[in-house]
Amino acid sequence: MRILVTGANGYLGSAVTARLRRDGYQVAELVRRESVRTPTGTDVRVADLLEPESLTEAVRDIDAVCHLAGLTRARDSVADPLPYFRVNVGGTVALLDAMARAGIENLVFASTAAIYATDVQPMSEDVPDAPPHPYAASKQAAESAIAAQAASGRLAAIVLRLSNLVGGADTDDTRILPRLRAVATGASDRLRVYGDGTATRDYLHLEDAARAVAAAVTHLPGLGECRRYNIGSETGTSVAELVALTSRITGRAISVEHLPAVQEPPTLVCDSSRAARELGWRATWDIEAIVREMLADPPAGHPAHDADPARRRAALDQFAAGDNDPFRTDAEPAARANRKRPT
């Protein structure tokens, strides 16, 4: 089976392509521009979702599409909403058009659990939608286009509403863990937090998310169906709890600067029981393992950033077990050895 992955060189896309190859699929990578780091022999297809004509060649000889490309920064979407609808909705419609012309009937779409924004916690798939910002609204609209195309009998689709992605070689300083690591390592003097630190989120490791996408490919429904699954750890962790956990592991105080609160849901935690029942998927990384990985994460270029998950885990474990780990103490080797890891 040959699978096209959009956004293949992105944060989630790189993990998904590695996982799909590990599971034995042939993978074609759809990117806006080819990277000089692309390994020889990789099937890379350069196209732009906003240039529909470029998609015609990109989708040739494809059996299924994992659509991961899109804009993802919720707060940026409030200040500048139109690009989120242009890319996340318009790009999805252009892709659906190209798939229909090519006779491609299978789709897995990466969406967001932020669409719910509800007081009902944890959130099952039956909770009503209430997108709190343009990013979530754009993903909801893209989901609607996918569901409508499936209802027409021309598509079989799975929508994955992912919780907050963390882990891996994450250097995006708009996300909480890279900013927290910067403070813990002395690269930044304080962690700036909106509000009082009680905002609680479900943190999903990148590798668990990639496994969910692969599981969805394996369990695609029949033509005419669109199924939706919540994908998360099912455990909520507040910003204050992340700070306390980091301080406990490092033995260092984490300075926090509280900024005025922004309008956002106080708690978002997924109920992923449907994914467990129907996809055979559950999260395998707990929050302490995620934070320990973050703190032990070596510099860019280290083998622990290898695209292959098995090689990356081996290199990371070797790094964390050695003198390169600035947070190693005599009491911690046994704890690291028992770190929760996916298979």
# chains A, B, ... in the order shown; residues from 1 in each chain; ligands from 1
>>> residues_around(residues="Ser255 of chain A", least_positions_apart="4", cutoff="9 Å", atoms="only C-alpha atoms", output="JSON, numbers by chain")
{"A": [183, 189, 190, 191, 192, 243]}
>>> write_last_selection(atoms="N, CA and C atoms", output="compact mmCIF listing (two decimals), in the first residue's frame")
# COMPACT_ATOMS: atom_id res chain seq x y z
N VAL A 183 14.27 27.24 30.27
CA VAL A 183 14.47 27.75 31.63
C VAL A 183 15.26 26.75 32.47
N ASP A 189 15.64 32.94 31.30
CA ASP A 189 15.65 33.26 32.73
C ASP A 189 14.33 32.94 33.42
N ARG A 190 13.24 32.84 32.66
CA ARG A 190 11.95 32.56 33.30
C ARG A 190 10.96 31.99 32.29
N LEU A 191 9.97 31.31 32.82
CA LEU A 191 8.88 30.78 32.00
C LEU A 191 7.72 31.74 32.08
N ARG A 192 7.32 32.26 30.95
CA ARG A 192 6.19 33.19 30.90
C ARG A 192 4.91 32.40 30.69
N VAL A 243 5.66 22.59 35.78
CA VAL A 243 6.76 23.34 36.41
C VAL A 243 7.27 22.58 37.64
>>> closest_atom_pairs(of="segment 75-136 of chain A", to="segment 55-71 of chain A", cutoff="7 Å", atoms="only C-alpha atoms", output="Markdown table")
| residue | atom | partner | partner_atom | distance |
| --- | --- | --- | --- | --- |
| A:Tyr84 | CA | A:Leu71 | CA | 6.0 |
| A:Val87 | CA | A:Gly70 | CA | 6.2 |
| A:Asn88 | CA | A:Gly70 | CA | 5.3 |
| A:Ala98 | CA | A:Thr56 | CA | 5.8 |
| A:Met99 | CA | A:Val59 | CA | 6.8 |
| A:Ala102 | CA | A:Arg60 | CA | 6.8 |
| A:Ile104 | CA | A:Asp63 | CA | 6.1 |
| A:Glu105 | CA | A:Ala64 | CA | 6.9 |
| A:Asn106 | CA | A:Ala64 | CA | 4.6 |
| A:Leu107 | CA | A:Val65 | CA | 4.9 |
| A:Val108 | CA | A:Cys66 | CA | 4.7 |
| A:Phe109 | CA | A:His67 | CA | 4.9 |
| A:Ala110 | CA | A:Leu68 | CA | 5.3 |
>>> write_last_selection(atoms="all heavy atoms", output="compact mmCIF listing (two decimals), in the first residue's frame")
# COMPACT_ATOMS: atom_id res chain seq x y z
N TYR A 84 -5.61 30.75 8.24
CA TYR A 84 -5.99 29.45 8.79
C TYR A 84 -7.13 28.82 7.99
O TYR A 84 -7.14 27.61 7.75
CB TYR A 84 -6.33 29.59 10.27
CG TYR A 84 -5.07 29.71 11.09
CD1 TYR A 84 -4.37 30.92 11.14
CD2 TYR A 84 -4.53 28.62 11.75
CE1 TYR A 84 -3.18 31.03 11.84
CE2 TYR A 84 -3.34 28.72 12.46
CZ TYR A 84 -2.67 29.92 12.49
OH TYR A 84 -1.48 30.03 13.17
N VAL A 87 -5.62 27.94 4.35
CA VAL A 87 -4.77 26.75 4.29
C VAL A 87 -5.50 25.51 4.79
O VAL A 87 -5.55 24.48 4.11
CB VAL A 87 -3.48 26.97 5.11
CG1 VAL A 87 -2.66 25.69 5.20
CG2 VAL A 87 -2.64 28.08 4.48
N ASN A 88 -6.09 25.60 5.98
CA ASN A 88 -6.66 24.41 6.60
C ASN A 88 -7.95 23.95 5.94
O ASN A 88 -8.23 22.74 5.89
CB ASN A 88 -6.89 24.66 8.10
CG ASN A 88 -5.59 24.85 8.85
OD1 ASN A 88 -4.51 24.58 8.34
ND2 ASN A 88 -5.67 25.32 10.08
N ALA A 98 -8.32 16.75 -5.78
CA ALA A 98 -7.27 16.00 -6.46
C ALA A 98 -7.43 14.50 -6.23
O ALA A 98 -7.24 13.69 -7.15
CB ALA A 98 -5.90 16.48 -5.99
N MET A 99 -7.80 14.12 -5.01
CA MET A 99 -8.01 12.71 -4.73
C MET A 99 -9.18 12.15 -5.54
O MET A 99 -9.11 11.04 -6.08
CB MET A 99 -8.29 12.52 -3.23
CG MET A 99 -7.09 12.76 -2.34
SD MET A 99 -7.52 12.68 -0.56
CE MET A 99 -8.10 10.97 -0.41
N ALA A 102 -8.23 11.55 -9.08
CA ALA A 102 -7.30 10.42 -9.23
C ALA A 102 -7.92 9.09 -8.79
O ALA A 102 -7.28 8.05 -8.90
CB ALA A 102 -6.03 10.69 -8.43
N ILE A 104 -8.68 8.25 -5.66
CA ILE A 104 -8.17 7.85 -4.35
C ILE A 104 -9.29 7.98 -3.33
O ILE A 104 -9.87 9.06 -3.16
CB ILE A 104 -6.97 8.72 -3.93
CG1 ILE A 104 -5.87 8.65 -4.98
CG2 ILE A 104 -6.43 8.28 -2.57
CD1 ILE A 104 -4.79 9.69 -4.81
N GLU A 105 -9.58 6.90 -2.62
CA GLU A 105 -10.79 6.85 -1.79
C GLU A 105 -10.52 6.77 -0.30
O GLU A 105 -11.48 6.72 0.49
CB GLU A 105 -11.63 5.63 -2.21
CG GLU A 105 -12.07 5.69 -3.68
CD GLU A 105 -12.76 4.43 -4.13
OE1 GLU A 105 -12.50 3.36 -3.49
OE2 GLU A 105 -13.55 4.48 -5.09
N ASN A 106 -9.26 6.79 0.14
CA ASN A 106 -8.94 6.56 1.56
C ASN A 106 -8.18 7.76 2.14
O ASN A 106 -7.17 8.20 1.57
CB ASN A 106 -8.09 5.30 1.71
CG ASN A 106 -8.83 4.07 1.23
OD1 ASN A 106 -9.91 3.76 1.69
ND2 ASN A 106 -8.22 3.35 0.28
N LEU A 107 -8.65 8.25 3.29
CA LEU A 107 -8.06 9.43 3.90
C LEU A 107 -8.02 9.31 5.41
O LEU A 107 -9.00 8.89 6.04
CB LEU A 107 -8.87 10.68 3.53
CG LEU A 107 -8.43 12.00 4.17
CD1 LEU A 107 -7.10 12.46 3.60
CD2 LEU A 107 -9.50 13.08 3.96
N VAL A 108 -6.88 9.69 6.01
CA VAL A 108 -6.77 9.91 7.45
C VAL A 108 -6.41 11.37 7.65
O VAL A 108 -5.46 11.87 7.04
CB VAL A 108 -5.69 9.00 8.09
CG1 VAL A 108 -5.52 9.33 9.57
CG2 VAL A 108 -6.04 7.53 7.90
N PHE A 109 -7.18 12.07 8.48
CA PHE A 109 -7.00 13.51 8.67
C PHE A 109 -6.65 13.81 10.11
O PHE A 109 -7.33 13.38 11.05
CB PHE A 109 -8.29 14.24 8.30
CG PHE A 109 -8.26 15.73 8.52
CD1 PHE A 109 -7.33 16.52 7.88
CD2 PHE A 109 -9.18 16.34 9.36
CE1 PHE A 109 -7.30 17.90 8.07
CE2 PHE A 109 -9.17 17.71 9.56
CZ PHE A 109 -8.22 18.49 8.92
N ALA A 110 -5.57 14.58 10.30
CA ALA A 110 -5.16 15.00 11.65
C ALA A 110 -5.86 16.31 12.00
O ALA A 110 -5.57 17.36 11.42
CB ALA A 110 -3.64 15.17 11.70
>>> select_by_dssp(residues="segment 21-227 of chain A", states="strand (DSSP E or B)", output="VMD selection string")
chain A and resid 26 to 31 43 to 46 64 to 67 106 to 112 123 156 to 162 164 to 166 191 to 194 200 to 205 226 to 227
>>> write_last_selection(atoms="C-alpha atoms", output="short mmCIF file (atom, residue, chain, number, x, y, z; two decimals), in the first residue's frame")
data_model
loop_
_atom_site.label_atom_id
_atom_site.label_comp_id
_atom_site.auth_asym_id
_atom_site.auth_seq_id
_atom_site.Cartn_x
_atom_site.Cartn_y
_atom_site.Cartn_z
CA GLN A 26 5.44 2.52 0.96
CA VAL A 27 5.44 6.23 1.77
CA ALA A 28 5.39 9.23 -0.54
CA GLU A 29 6.18 12.55 1.15
CA LEU A 30 4.28 15.64 0.05
CA VAL A 31 6.22 18.81 0.87
CA ASP A 43 9.71 9.35 -2.74
CA VAL A 44 9.31 13.11 -2.31
CA ARG A 45 6.59 15.00 -4.15
CA VAL A 46 6.73 18.79 -4.17
CA ALA A 64 -4.39 6.44 0.71
CA VAL A 65 -3.58 9.90 2.03
CA CYS A 66 -2.61 10.97 5.56
CA HIS A 67 -3.40 14.68 5.57
CA ASN A 106 -8.94 6.56 1.56
CA LEU A 107 -8.06 9.43 3.90
CA VAL A 108 -6.77 9.91 7.45
CA PHE A 109 -7.00 13.51 8.67
CA ALA A 110 -5.16 15.00 11.65
CA SER A 111 -7.50 17.40 13.43
CA THR A 112 -7.53 18.86 16.94
CA MET A 123 -14.20 14.72 26.27
CA ALA A 156 -13.61 6.48 3.27
CA ALA A 157 -12.15 8.64 6.04
CA ILE A 158 -10.94 8.70 9.62
CA VAL A 159 -10.60 11.98 11.51
CA LEU A 160 -8.23 11.99 14.48
CA ARG A 161 -8.75 14.78 16.98
CA LEU A 162 -5.32 14.99 18.58
CA ASN A 164 -1.52 18.70 22.66
CA LEU A 165 1.49 17.22 20.86
CA VAL A 166 4.80 17.09 22.75
CA LEU A 191 8.88 30.78 32.00
CA ARG A 192 6.19 33.19 30.90
CA VAL A 193 2.74 31.80 31.64
CA TYR A 194 -0.64 33.23 30.72
CA THR A 200 -4.83 21.85 32.21
CA ARG A 201 -4.11 19.97 29.01
CA ASP A 202 -3.78 16.41 27.77
CA TYR A 203 -0.19 16.00 26.54
CA LEU A 204 0.24 13.44 23.76
CA HIS A 205 3.71 12.22 22.81
CA CYS A 226 -16.27 9.00 8.04
CA ARG A 227 -15.31 8.03 11.59
#
>>> residues_around(residues="Pro81 of chain A", least_positions_apart="2", cutoff="12 Å", atoms="only C-alpha atoms", output="PDB file with all heavy atoms, in the first residue's frame")
ATOM      1  N   LEU A  71      -1.842  24.907   9.241  1.00  0.00           N
ATOM      2  CA  LEU A  71      -1.394  25.885  10.233  1.00  0.00           C
ATOM      3  C   LEU A  71      -1.991  25.500  11.580  1.00  0.00           C
ATOM      4  O   LEU A  71      -3.161  25.113  11.657  1.00  0.00           O
ATOM      5  CB  LEU A  71      -1.846  27.290   9.836  1.00  0.00           C
ATOM      6  CG  LEU A  71      -1.351  27.792   8.473  1.00  0.00           C
ATOM      7  CD1 LEU A  71      -1.866  29.214   8.214  1.00  0.00           C
ATOM      8  CD2 LEU A  71       0.169  27.751   8.389  1.00  0.00           C
ATOM      9  N   THR A  72      -1.204  25.638  12.657  1.00  0.00           N
ATOM     10  CA  THR A  72      -1.608  25.025  13.926  1.00  0.00           C
ATOM     11  C   THR A  72      -1.536  25.938  15.150  1.00  0.00           C
ATOM     12  O   THR A  72      -1.829  25.476  16.253  1.00  0.00           O
ATOM     13  CB  THR A  72      -0.733  23.789  14.213  1.00  0.00           C
ATOM     14  OG1 THR A  72       0.639  24.206  14.316  1.00  0.00           O
ATOM     15  CG2 THR A  72      -0.866  22.754  13.104  1.00  0.00           C
ATOM     16  N   ARG A  73      -1.164  27.194  15.016  1.00  0.00           N
ATOM     17  CA  ARG A  73      -0.948  28.026  16.201  1.00  0.00           C
ATOM     18  C   ARG A  73      -2.217  28.778  16.571  1.00  0.00           C
ATOM     19  O   ARG A  73      -2.612  29.733  15.901  1.00  0.00           O
ATOM     20  CB  ARG A  73       0.212  28.979  15.974  1.00  0.00           C
ATOM     21  CG  ARG A  73       1.531  28.234  15.817  1.00  0.00           C
ATOM     22  CD  ARG A  73       2.701  29.161  15.600  1.00  0.00           C
ATOM     23  NE  ARG A  73       3.956  28.417  15.560  1.00  0.00           N
ATOM     24  CZ  ARG A  73       5.141  28.964  15.327  1.00  0.00           C
ATOM     25  NH1 ARG A  73       5.234  30.266  15.111  1.00  0.00           N
ATOM     26  NH2 ARG A  73       6.231  28.217  15.310  1.00  0.00           N
ATOM     27  N   ALA A  74      -2.839  28.328  17.650  1.00  0.00           N
ATOM     28  CA  ALA A  74      -4.154  28.840  18.031  1.00  0.00           C
ATOM     29  C   ALA A  74      -4.136  30.341  18.289  1.00  0.00           C
ATOM     30  O   ALA A  74      -5.005  31.079  17.793  1.00  0.00           O
ATOM     31  CB  ALA A  74      -4.655  28.095  19.260  1.00  0.00           C
ATOM     32  N   ARG A  75      -3.189  30.832  19.061  1.00  0.00           N
ATOM     33  CA  ARG A  75      -3.188  32.254  19.411  1.00  0.00           C
ATOM     34  C   ARG A  75      -2.881  33.122  18.194  1.00  0.00           C
ATOM     35  O   ARG A  75      -3.438  34.207  18.047  1.00  0.00           O
ATOM     36  CB  ARG A  75      -2.191  32.507  20.547  1.00  0.00           C
ATOM     37  CG  ARG A  75      -2.714  31.967  21.883  1.00  0.00           C
ATOM     38  CD  ARG A  75      -1.758  32.149  23.024  1.00  0.00           C
ATOM     39  NE  ARG A  75      -2.315  31.552  24.243  1.00  0.00           N
ATOM     40  CZ  ARG A  75      -1.581  30.984  25.183  1.00  0.00           C
ATOM     41  NH1 ARG A  75      -0.264  30.949  25.069  1.00  0.00           N
ATOM     42  NH2 ARG A  75      -2.154  30.452  26.248  1.00  0.00           N
ATOM     43  N   ASP A  76      -2.016  32.656  17.303  1.00  0.00           N
ATOM     44  CA  ASP A  76      -1.751  33.396  16.068  1.00  0.00           C
ATOM     45  C   ASP A  76      -3.021  33.506  15.223  1.00  0.00           C
ATOM     46  O   ASP A  76      -3.241  34.510  14.545  1.00  0.00           O
ATOM     47  CB  ASP A  76      -0.661  32.711  15.246  1.00  0.00           C
ATOM     48  CG  ASP A  76       0.724  32.890  15.840  1.00  0.00           C
ATOM     49  OD1 ASP A  76       0.846  33.641  16.833  1.00  0.00           O
ATOM     50  OD2 ASP A  76       1.682  32.288  15.327  1.00  0.00           O
ATOM     51  N   SER A  77      -3.848  32.460  15.283  1.00  0.00           N
ATOM     52  CA  SER A  77      -5.059  32.463  14.459  1.00  0.00           C
ATOM     53  C   SER A  77      -6.050  33.533  14.906  1.00  0.00           C
ATOM     54  O   SER A  77      -6.859  33.991  14.103  1.00  0.00           O
ATOM     55  CB  SER A  77      -5.724  31.078  14.497  1.00  0.00           C
ATOM     56  OG  SER A  77      -6.442  30.855  15.706  1.00  0.00           O
ATOM     57  N   VAL A  78      -5.996  33.918  16.159  1.00  0.00           N
ATOM     58  CA  VAL A  78      -6.883  34.972  16.652  1.00  0.00           C
ATOM     59  C   VAL A  78      -6.475  36.318  16.056  1.00  0.00           C
ATOM     60  O   VAL A  78      -7.321  37.122  15.640  1.00  0.00           O
ATOM     61  CB  VAL A  78      -6.859  35.027  18.190  1.00  0.00           C
ATOM     62  CG1 VAL A  78      -7.698  36.196  18.707  1.00  0.00           C
ATOM     63  CG2 VAL A  78      -7.359  33.708  18.773  1.00  0.00           C
ATOM     64  N   ALA A  79      -5.175  36.567  15.979  1.00  0.00           N
ATOM     65  CA  ALA A  79      -4.673  37.828  15.449  1.00  0.00           C
ATOM     66  C   ALA A  79      -4.774  37.892  13.925  1.00  0.00           C
ATOM     67  O   ALA A  79      -4.974  38.970  13.360  1.00  0.00           O
ATOM     68  CB  ALA A  79      -3.222  38.032  15.889  1.00  0.00           C
ATOM     69  N   PRO A  83      -5.549  33.282   7.049  1.00  0.00           N
ATOM     70  CA  PRO A  83      -4.661  32.228   6.535  1.00  0.00           C
ATOM     71  C   PRO A  83      -5.024  30.841   7.041  1.00  0.00           C
ATOM     72  O   PRO A  83      -4.804  29.846   6.348  1.00  0.00           O
ATOM     73  CB  PRO A  83      -3.282  32.655   7.055  1.00  0.00           C
ATOM     74  CG  PRO A  83      -3.381  34.132   7.193  1.00  0.00           C
ATOM     75  CD  PRO A  83      -4.780  34.382   7.655  1.00  0.00           C
ATOM     76  N   TYR A  84      -5.615  30.752   8.238  1.00  0.00           N
ATOM     77  CA  TYR A  84      -5.992  29.451   8.786  1.00  0.00           C
ATOM     78  C   TYR A  84      -7.134  28.823   7.994  1.00  0.00           C
ATOM     79  O   TYR A  84      -7.145  27.613   7.748  1.00  0.00           O
ATOM     80  CB  TYR A  84      -6.333  29.586  10.270  1.00  0.00           C
ATOM     81  CG  TYR A  84      -5.067  29.713  11.088  1.00  0.00           C
ATOM     82  CD1 TYR A  84      -4.366  30.918  11.139  1.00  0.00           C
ATOM     83  CD2 TYR A  84      -4.534  28.621  11.753  1.00  0.00           C
ATOM     84  CE1 TYR A  84      -3.179  31.031  11.838  1.00  0.00           C
ATOM     85  CE2 TYR A  84      -3.343  28.719  12.465  1.00  0.00           C
ATOM     86  CZ  TYR A  84      -2.670  29.923  12.491  1.00  0.00           C
ATOM     87  OH  TYR A  84      -1.479  30.027  13.168  1.00  0.00           O
ATOM     88  N   PHE A  85      -8.075  29.641   7.556  1.00  0.00           N
ATOM     89  CA  PHE A  85      -9.151  29.113   6.721  1.00  0.00           C
ATOM     90  C   PHE A  85      -8.654  28.852   5.301  1.00  0.00           C
ATOM     91  O   PHE A  85      -9.047  27.864   4.665  1.00  0.00           O
ATOM     92  CB  PHE A  85     -10.334  30.077   6.729  1.00  0.00           C
ATOM     93  CG  PHE A  85     -11.041  30.116   8.054  1.00  0.00           C
ATOM     94  CD1 PHE A  85     -10.707  31.064   9.016  1.00  0.00           C
ATOM     95  CD2 PHE A  85     -12.019  29.185   8.365  1.00  0.00           C
ATOM     96  CE1 PHE A  85     -11.335  31.092  10.244  1.00  0.00           C
ATOM     97  CE2 PHE A  85     -12.661  29.205   9.596  1.00  0.00           C
ATOM     98  CZ  PHE A  85     -12.322  30.155  10.538  1.00  0.00           C
ATOM     99  N   ARG A  86      -7.763  29.715   4.814  1.00  0.00           N
ATOM    100  CA  ARG A  86      -7.237  29.535   3.462  1.00  0.00           C
ATOM    101  C   ARG A  86      -6.469  28.225   3.353  1.00  0.00           C
ATOM    102  O   ARG A  86      -6.645  27.449   2.397  1.00  0.00           O
ATOM    103  CB  ARG A  86      -6.340  30.717   3.104  1.00  0.00           C
ATOM    104  CG  ARG A  86      -5.834  30.712   1.651  1.00  0.00           C
ATOM    105  CD  ARG A  86      -4.984  31.939   1.372  1.00  0.00           C
ATOM    106  NE  ARG A  86      -5.706  33.175   1.651  1.00  0.00           N
ATOM    107  CZ  ARG A  86      -5.357  34.057   2.580  1.00  0.00           C
ATOM    108  NH1 ARG A  86      -4.301  33.831   3.344  1.00  0.00           N
ATOM    109  NH2 ARG A  86      -6.059  35.141   2.767  1.00  0.00           N
ATOM    110  N   VAL A  87      -5.615  27.943   4.346  1.00  0.00           N
ATOM    111  CA  VAL A  87      -4.766  26.752   4.288  1.00  0.00           C
ATOM    112  C   VAL A  87      -5.502  25.509   4.793  1.00  0.00           C
ATOM    113  O   VAL A  87      -5.545  24.480   4.114  1.00  0.00           O
ATOM    114  CB  VAL A  87      -3.477  26.974   5.108  1.00  0.00           C
ATOM    115  CG1 VAL A  87      -2.662  25.685   5.197  1.00  0.00           C
ATOM    116  CG2 VAL A  87      -2.642  28.080   4.483  1.00  0.00           C
ATOM    117  N   ASN A  88      -6.087  25.605   5.977  1.00  0.00           N
ATOM    118  CA  ASN A  88      -6.659  24.413   6.605  1.00  0.00           C
ATOM    119  C   ASN A  88      -7.952  23.950   5.945  1.00  0.00           C
ATOM    120  O   ASN A  88      -8.225  22.744   5.893  1.00  0.00           O
ATOM    121  CB  ASN A  88      -6.890  24.662   8.097  1.00  0.00           C
ATOM    122  CG  ASN A  88      -5.592  24.847   8.854  1.00  0.00           C
ATOM    123  OD1 ASN A  88      -4.513  24.585   8.337  1.00  0.00           O
ATOM    124  ND2 ASN A  88      -5.674  25.321  10.078  1.00  0.00           N
ATOM    125  N   VAL A  89      -8.739  24.898   5.448  1.00  0.00           N
ATOM    126  CA  VAL A  89      -9.986  24.526   4.770  1.00  0.00           C
ATOM    127  C   VAL A  89      -9.768  24.461   3.263  1.00  0.00           C
ATOM    128  O   VAL A  89     -10.042  23.429   2.627  1.00  0.00           O
ATOM    129  CB  VAL A  89     -11.123  25.511   5.111  1.00  0.00           C
ATOM    130  CG1 VAL A  89     -12.430  25.039   4.470  1.00  0.00           C
ATOM    131  CG2 VAL A  89     -11.292  25.638   6.615  1.00  0.00           C
ATOM    132  N   HIS A 133     -11.437  29.325  18.869  1.00  0.00           N
ATOM    133  CA  HIS A 133     -10.560  30.223  18.123  1.00  0.00           C
ATOM    134  C   HIS A 133     -10.566  29.821  16.642  1.00  0.00           C
ATOM    135  O   HIS A 133     -11.018  28.711  16.284  1.00  0.00           O
ATOM    136  CB  HIS A 133      -9.136  30.209  18.688  1.00  0.00           C
ATOM    137  CG  HIS A 133      -8.644  28.864  19.101  1.00  0.00           C
ATOM    138  ND1 HIS A 133      -8.477  27.807  18.211  1.00  0.00           N
ATOM    139  CD2 HIS A 133      -8.289  28.362  20.317  1.00  0.00           C
ATOM    140  CE1 HIS A 133      -8.032  26.745  18.858  1.00  0.00           C
ATOM    141  NE2 HIS A 133      -7.927  27.053  20.137  1.00  0.00           N
ATOM    142  N   PRO A 134     -10.093  30.684  15.763  1.00  0.00           N
ATOM    143  CA  PRO A 134     -10.133  30.384  14.327  1.00  0.00           C
ATOM    144  C   PRO A 134      -9.384  29.110  13.929  1.00  0.00           C
ATOM    145  O   PRO A 134      -9.813  28.419  12.988  1.00  0.00           O
ATOM    146  CB  PRO A 134      -9.491  31.620  13.697  1.00  0.00           C
ATOM    147  CG  PRO A 134      -9.818  32.720  14.646  1.00  0.00           C
ATOM    148  CD  PRO A 134      -9.708  32.091  16.015  1.00  0.00           C
ATOM    149  N   TYR A 135      -8.295  28.778  14.607  1.00  0.00           N
ATOM    150  CA  TYR A 135      -7.597  27.532  14.288  1.00  0.00           C
ATOM    151  C   TYR A 135      -8.537  26.347  14.447  1.00  0.00           C
ATOM    152  O   TYR A 135      -8.683  25.521  13.528  1.00  0.00           O
ATOM    153  CB  TYR A 135      -6.368  27.370  15.176  1.00  0.00           C
ATOM    154  CG  TYR A 135      -5.843  25.949  15.211  1.00  0.00           C
ATOM    155  CD1 TYR A 135      -5.451  25.304  14.038  1.00  0.00           C
ATOM    156  CD2 TYR A 135      -5.758  25.242  16.422  1.00  0.00           C
ATOM    157  CE1 TYR A 135      -4.978  23.995  14.066  1.00  0.00           C
ATOM    158  CE2 TYR A 135      -5.297  23.942  16.445  1.00  0.00           C
ATOM    159  CZ  TYR A 135      -4.915  23.327  15.268  1.00  0.00           C
ATOM    160  OH  TYR A 135      -4.462  22.028  15.296  1.00  0.00           O
ATOM    161  N   ALA A 136      -9.199  26.235  15.598  1.00  0.00           N
ATOM    162  CA  ALA A 136     -10.119  25.123  15.824  1.00  0.00           C
ATOM    163  C   ALA A 136     -11.290  25.177  14.851  1.00  0.00           C
ATOM    164  O   ALA A 136     -11.732  24.140  14.330  1.00  0.00           O
ATOM    165  CB  ALA A 136     -10.615  25.143  17.263  1.00  0.00           C
ATOM    166  N   ALA A 137     -11.794  26.377  14.570  1.00  0.00           N
ATOM    167  CA  ALA A 137     -12.910  26.506  13.634  1.00  0.00           C
ATOM    168  C   ALA A 137     -12.509  26.064  12.236  1.00  0.00           C
ATOM    169  O   ALA A 137     -13.315  25.456  11.509  1.00  0.00           O
ATOM    170  CB  ALA A 137     -13.406  27.956  13.616  1.00  0.00           C
ATOM    171  N   SER A 138     -11.285  26.360  11.834  1.00  0.00           N
ATOM    172  CA  SER A 138     -10.832  25.956  10.505  1.00  0.00           C
ATOM    173  C   SER A 138     -10.698  24.445  10.397  1.00  0.00           C
ATOM    174  O   SER A 138     -11.025  23.840   9.367  1.00  0.00           O
ATOM    175  CB  SER A 138      -9.502  26.638  10.159  1.00  0.00           C
ATOM    176  OG  SER A 138      -8.418  26.115  10.919  1.00  0.00           O
TER     177      SER A 138
END
>>> select_by_dssp(residues="segment 250-291 of chain A", states="helix (DSSP H, G or I)", output="MDAnalysis selection string")
chainID A and resid 250 273:279 287:291
>>> residues_around(residues="Glu125 of chain A", least_positions_apart="4", cutoff="9 Å", atoms="only C-alpha atoms", output="PDB file with C-alpha atoms, in the first residue's frame")
ATOM      1  CA  ARG A 228     -13.867  10.287  14.268  1.00  0.00           C
ATOM      2  CA  TYR A 229     -11.627   9.412  17.201  1.00  0.00           C
ATOM      3  CA  ASN A 230     -10.181  11.399  20.101  1.00  0.00           C
ATOM      4  CA  CYS A 270      -9.541  13.436  25.875  1.00  0.00           C
ATOM      5  CA  ASP A 271     -11.517  10.291  26.430  1.00  0.00           C
ATOM      6  CA  SER A 272      -9.811   7.917  23.969  1.00  0.00           C
ATOM      7  CA  ARG A 274     -13.334   4.582  21.376  1.00  0.00           C
TER       8      ARG A 274
END
>>> residues_around(residues="Arg33 of chain A", least_positions_apart="4", cutoff="12 Å", atoms="only C-alpha atoms", output="tab-separated table (two decimals) with N, CA and C atoms, in the first residue's frame")
chain	number	residue	atom	x	y	z
A	6	THR	N	0.88	14.31	3.65
A	6	THR	CA	1.06	15.75	3.46
A	6	THR	C	1.72	16.33	4.71
A	7	GLY	N	2.52	17.38	4.50
A	7	GLY	CA	3.26	17.95	5.64
A	7	GLY	C	4.30	16.98	6.17
A	8	ALA	N	4.88	16.19	5.27
A	8	ALA	CA	5.74	15.08	5.70
A	8	ALA	C	7.03	15.53	6.37
A	9	ASN	N	7.47	16.75	6.10
A	9	ASN	CA	8.70	17.22	6.74
A	9	ASN	C	8.42	18.07	7.98
A	10	GLY	N	7.17	18.06	8.46
A	10	GLY	CA	6.82	18.82	9.64
A	10	GLY	C	7.03	18.01	10.91
A	29	GLU	N	6.19	11.36	0.30
A	29	GLU	CA	6.18	12.55	1.15
A	29	GLU	C	5.80	13.78	0.33
A	37	ARG	N	18.16	17.61	3.30
A	37	ARG	CA	18.38	16.48	4.21
A	37	ARG	C	17.59	15.24	3.81
A	38	THR	N	16.82	15.34	2.73
A	38	THR	CA	16.00	14.20	2.31
A	38	THR	C	16.90	13.05	1.88
A	44	VAL	N	9.72	11.77	-2.72
A	44	VAL	CA	9.31	13.11	-2.31
A	44	VAL	C	8.56	13.78	-3.46
A	45	ARG	N	7.41	14.34	-3.15
A	45	ARG	CA	6.59	15.00	-4.15
A	45	ARG	C	6.36	16.44	-3.71
A	46	VAL	N	6.81	17.38	-4.52
A	46	VAL	CA	6.73	18.79	-4.17
A	46	VAL	C	5.45	19.38	-4.75
A	47	ALA	N	4.61	19.90	-3.88
A	47	ALA	CA	3.35	20.52	-4.30
A	47	ALA	C	2.88	21.43	-3.18
A	48	ASP	N	1.98	22.33	-3.54
A	48	ASP	CA	1.40	23.28	-2.58
A	48	ASP	C	-0.10	23.08	-2.56
A	49	LEU	N	-0.67	22.88	-1.37
A	49	LEU	CA	-2.10	22.69	-1.27
A	49	LEU	C	-2.89	23.90	-1.76
>>> closest_atom_pairs(of="segment 140-214 of chain A", to="segment 126-131 of chain A", cutoff="12 Å", atoms="only C-alpha atoms", output="tab-separated table")
residue	atom	partner	partner_atom	distance
A:Gln140	CA	A:Pro131	CA	7.6
A:Ala141	CA	A:Pro131	CA	10.3
A:Glu143	CA	A:Asp129	CA	11.6
A:Ser144	CA	A:Asp129	CA	11.9
A:Arg161	CA	A:Asp129	CA	11.7
